[in-house]
file entry-v1.txt (compact mmCIF, C-alpha atoms)
# COMPACT_ATOMS: atom_id res chain seq x y z
CA MET B 12 0.00 0.00 0.00
CA HIS B 13 1.16 3.53 -0.60
CA ALA B 14 -0.08 7.08 -0.32
CA GLU B 15 0.49 9.81 -2.86
CA ALA B 16 -1.12 12.67 -0.92
CA PRO B 17 -1.13 13.57 2.79
CA GLY B 18 -4.83 12.79 3.03
CA GLU B 19 -4.16 9.19 1.93
CA ILE B 20 -1.65 8.34 4.65
CA GLU B 21 -4.13 7.30 7.32
CA SER B 22 -6.32 5.24 4.99
CA ALA B 23 -3.29 3.46 3.49
CA LEU B 24 -1.88 2.54 6.91
CA SER B 25 -5.30 1.57 8.27
CA ALA B 26 -5.90 -0.68 5.25
CA MET B 27 -2.58 -2.38 5.91
CA ARG B 28 -3.53 -2.98 9.53
CA GLU B 29 -6.92 -4.38 8.49
CA ARG B 30 -5.15 -6.82 6.14
CA GLY B 31 -3.19 -8.18 9.08
CA VAL B 32 0.12 -6.42 8.61
CA ASP B 33 2.25 -6.86 11.75
CA ALA B 34 4.89 -4.22 11.02
CA VAL B 35 5.65 -1.44 8.57
CA LEU B 36 8.73 -0.38 6.60
CA VAL B 37 8.60 3.33 5.79
CA MET B 38 11.03 4.08 3.00
CA HIS B 39 12.98 7.33 3.01
CA GLN B 40 11.53 9.54 0.28
CA PRO B 41 10.77 13.25 0.20
CA PHE B 42 7.06 12.55 0.80
CA THR B 43 7.61 10.30 3.83
CA PHE B 44 10.28 12.62 5.23
CA ILE B 45 8.07 15.71 4.99
CA HIS B 46 5.12 13.87 6.55
CA ARG B 47 7.13 11.79 9.02
CA GLN B 48 5.43 13.16 12.14
CA ARG B 49 1.99 12.37 10.76
CA ILE B 50 3.12 8.88 9.72
CA VAL B 51 4.72 8.23 13.12
CA ASN B 52 1.54 9.36 14.89
CA ILE B 53 -0.76 7.19 12.78
CA VAL B 54 1.51 4.16 13.08
CA ALA B 55 1.49 4.65 16.87
CA GLN B 56 -2.32 4.88 16.95
CA LEU B 57 -2.50 1.62 15.00
CA GLN B 58 0.00 0.00 17.41
CA LEU B 59 2.27 -1.06 14.53
CA PRO B 60 6.01 -1.44 14.94
CA ALA B 61 7.80 0.36 12.12
CA ILE B 62 11.29 0.78 10.77
CA TYR B 63 12.05 4.04 9.03
CA GLY B 64 14.59 5.18 6.47
CA SER B 65 15.51 8.31 8.44
CA ARG B 66 16.78 8.89 11.96
CA GLU B 67 14.54 11.94 12.22
CA ALA B 68 11.47 9.68 12.30
CA VAL B 69 12.84 7.95 15.40
CA GLU B 70 13.49 11.33 16.99
CA SER B 71 9.81 12.09 16.24
CA GLY B 72 8.68 8.96 18.10
CA GLY B 73 9.22 6.19 15.55
CA LEU B 74 10.54 2.82 16.71
CA ILE B 75 13.66 2.05 14.66
CA SER B 76 15.59 3.52 11.76
CA TYR B 77 18.42 2.14 9.72
CA ALA B 78 19.61 4.91 7.47
CA VAL B 79 22.51 6.52 5.66
CA SER B 80 24.60 8.76 7.88
CA VAL B 81 23.72 12.24 6.67
CA GLU B 82 26.80 13.68 8.36
CA ASP B 83 29.08 11.23 6.56
CA THR B 84 27.34 11.91 3.24
CA TYR B 85 27.89 15.67 3.62
CA ARG B 86 31.53 15.11 4.53
CA ARG B 87 32.05 12.97 1.41
CA ALA B 88 30.24 15.55 -0.74
CA ALA B 89 32.56 18.25 0.61
CA SER B 90 35.53 16.12 -0.41
CA ILE B 91 34.20 15.92 -3.97
CA VAL B 92 33.61 19.68 -4.08
CA ASP B 93 37.19 20.19 -2.86
CA LYS B 94 38.52 18.00 -5.70
CA VAL B 95 36.57 20.00 -8.29
CA LEU B 96 37.74 23.30 -6.81
CA HIS B 97 41.31 22.04 -7.07
CA GLY B 98 40.95 21.31 -10.78
CA ALA B 99 39.57 17.77 -11.03
CA LYS B 100 37.13 17.24 -13.86
CA PRO B 101 33.73 16.16 -12.49
CA ALA B 102 33.54 13.43 -15.14
CA ASP B 103 36.77 11.92 -13.76
CA ILE B 104 35.48 11.66 -10.20
CA PRO B 105 33.94 8.27 -9.51
CA VAL B 106 30.35 8.01 -8.39
CA GLU B 107 30.19 7.05 -4.71
CA GLN B 108 27.57 5.16 -2.77
CA PRO B 109 26.91 5.63 0.92
CA THR B 110 29.13 3.47 3.09
CA LYS B 111 28.10 4.46 6.60
CA PHE B 112 24.68 3.56 7.95
CA GLU B 113 23.28 4.30 11.40
CA LEU B 114 20.87 2.33 13.56
CA ALA B 115 18.64 4.35 15.91
CA ILE B 116 16.19 2.85 18.39
CA ASN B 117 13.52 4.60 20.43
CA VAL B 118 13.18 2.50 23.61
CA LYS B 119 10.30 4.64 24.87
CA THR B 120 8.28 3.78 21.76
CA ALA B 121 9.18 0.10 22.13
CA LYS B 122 7.77 0.12 25.67
CA VAL B 123 4.52 1.74 24.48
CA LEU B 124 4.21 -1.03 21.87
CA GLY B 125 4.93 -3.68 24.50
CA LEU B 126 8.21 -4.68 22.86
CA THR B 127 11.48 -5.51 24.55
CA MET B 128 14.51 -4.62 22.50
CA PRO B 129 17.16 -7.36 22.63
CA GLN B 130 20.32 -6.20 24.39
CA PRO B 131 22.61 -7.16 21.46
CA LEU B 132 20.54 -4.89 19.20
CA LEU B 133 20.74 -2.01 21.68
CA VAL B 134 24.51 -2.45 21.98
CA ARG B 135 24.91 -2.23 18.20
CA ALA B 136 22.73 0.87 17.87
CA ASP B 137 24.43 4.15 17.06
CA GLU B 138 21.73 6.00 19.00
CA VAL B 139 19.31 4.80 21.67
CA ILE B 140 16.57 7.22 22.61
CA GLN B 141 15.30 6.70 26.14
call {"tool": "encode", "arguments": {"input": "entry-v1.txt", "output": "structure tokens"}}
result
Amino acid sequence: MHAEAPGEIESALSAMRERGVDAVLVMHQPFTFIHRQRIVNIVAQLQLPAIYGSREAVESGGLISYAVSVEDTYRRAASIVDKVLHGAKPADIPVEQPTKFELAINVKTAKVLGLTMPQPLLVRADEVIQ
């Protein structure tokens, strides 16, 4: 299920819940990022565990995110800009993919959902929100 407009978010998530979905994966896209607080709130109302593609969703009350490190991405972009400013031709600079990902867990949200986060998962997390 997907939503293309803000007004479709609740009906799409509710339809998923009615079909017996036990958890949700919210991909990181401009639409889901802009409407993350609304998505997080609706997912919470429906008592669905969700994993998000942005750490900001976890900061907004989402359960878990596994996402590209924005800080690392900016640092790498700055390195590419530096190369261009020092004379490198953009066409000669290889395309890079993200290499650093961060795991964030909101323990408070887990408790509300009645979930216990396994200790090994918490230890591996880059950020644990109490």
call {"tool": "atom_distance", "arguments": {"input": "entry-v1.txt", "atom1": "atom CA of B:Arg49", "atom2": "atom CA of B:Arg135"}}
result
28.2 Å
call {"tool": "closest_residue", "arguments": {"input": "entry-v1.txt", "among": "B:Ile53, B:Val139, B:Ala34, B:Val69", "to": "B:Glu19", "atoms": "all atoms listed in the file"}}
result
B:Ile53
call {"tool": "atom_distance", "arguments": {"input": "entry-v1.txt", "atom1": "atom CA of B:Tyr85", "atom2": "atom CA of B:Ser65"}}
result
15.2 Å
call {"tool": "closest_residue", "arguments": {"input": "entry-v1.txt", "among": "B:His97, B:His39, B:Lys122, B:Arg87", "to": "B:Leu74", "atoms": "all atoms listed in the file"}}
result
B:Lys122
call {"tool": "atom_distance", "arguments": {"input": "entry-v1.txt", "atom1": "atom CA of B:Ser76", "atom2": "atom CA of B:Asp137"}}
result
10.3 Å
call {"tool": "residues_around", "arguments": {"input": "entry-v1.txt", "residues": "B:Ser22", "least_positions_apart": "6", "cutoff": "10 Å", "atoms": "only C-alpha atoms", "output": "list in words"}}
result
Met12, His13, Ala14, Arg28 and Ile53 of chain B
call {"tool": "residues_near_point", "arguments": {"input": "entry-v1.txt", "point": "(4.9, -0.8, 15.8)", "cutoff": "12 Å", "atoms": "only C-alpha atoms", "output": "PyMOL selection string"}}
result
chain B and resi 24+28+32-37+50-63+69+72-75+117-127
call {"tool": "residues_around", "arguments": {"input": "entry-v1.txt", "residues": "B:Leu132", "least_positions_apart": "4", "cutoff": "9 Å", "atoms": "all atoms listed in the file", "output": "list of chain:residue names"}}
result
B:Ile116, B:Met128, B:Ala136
call {"tool": "residues_around", "arguments": {"input": "entry-v1.txt", "residues": "B:Glu113", "least_positions_apart": "3", "cutoff": "6 Å", "atoms": "all atoms listed in the file", "output": "PDB file with C-alpha atoms, keeping the file's coordinate frame"}}
result
ATOM      1  CA  TYR B  77      18.420   2.140   9.720  1.00  0.00           C
ATOM      2  CA  ALA B  78      19.610   4.910   7.470  1.00  0.00           C
ATOM      3  CA  SER B  80      24.600   8.760   7.880  1.00  0.00           C
ATOM      4  CA  ASP B 137      24.430   4.150  17.060  1.00  0.00           C
TER       5      ASP B 137
END
call {"tool": "closest_residue", "arguments": {"input": "entry-v1.txt", "among": "B:Ser71, B:Met38, B:Pro109, B:Gly98", "to": "B:Arg86", "atoms": "all atoms listed in the file"}}
result
B:Pro109
call {"tool": "axis_aligned_box", "arguments": {"input": "entry-v1.txt", "around": "stretch 118-130 of chain B", "padding_each_side": "3 Å", "output": "lines of an AutoDock Vina configuration file"}}
result
center_x = 12.3
center_y = -1.4
center_z = 23.7
size_x = 22.1
size_y = 18.0
size_z = 9.9
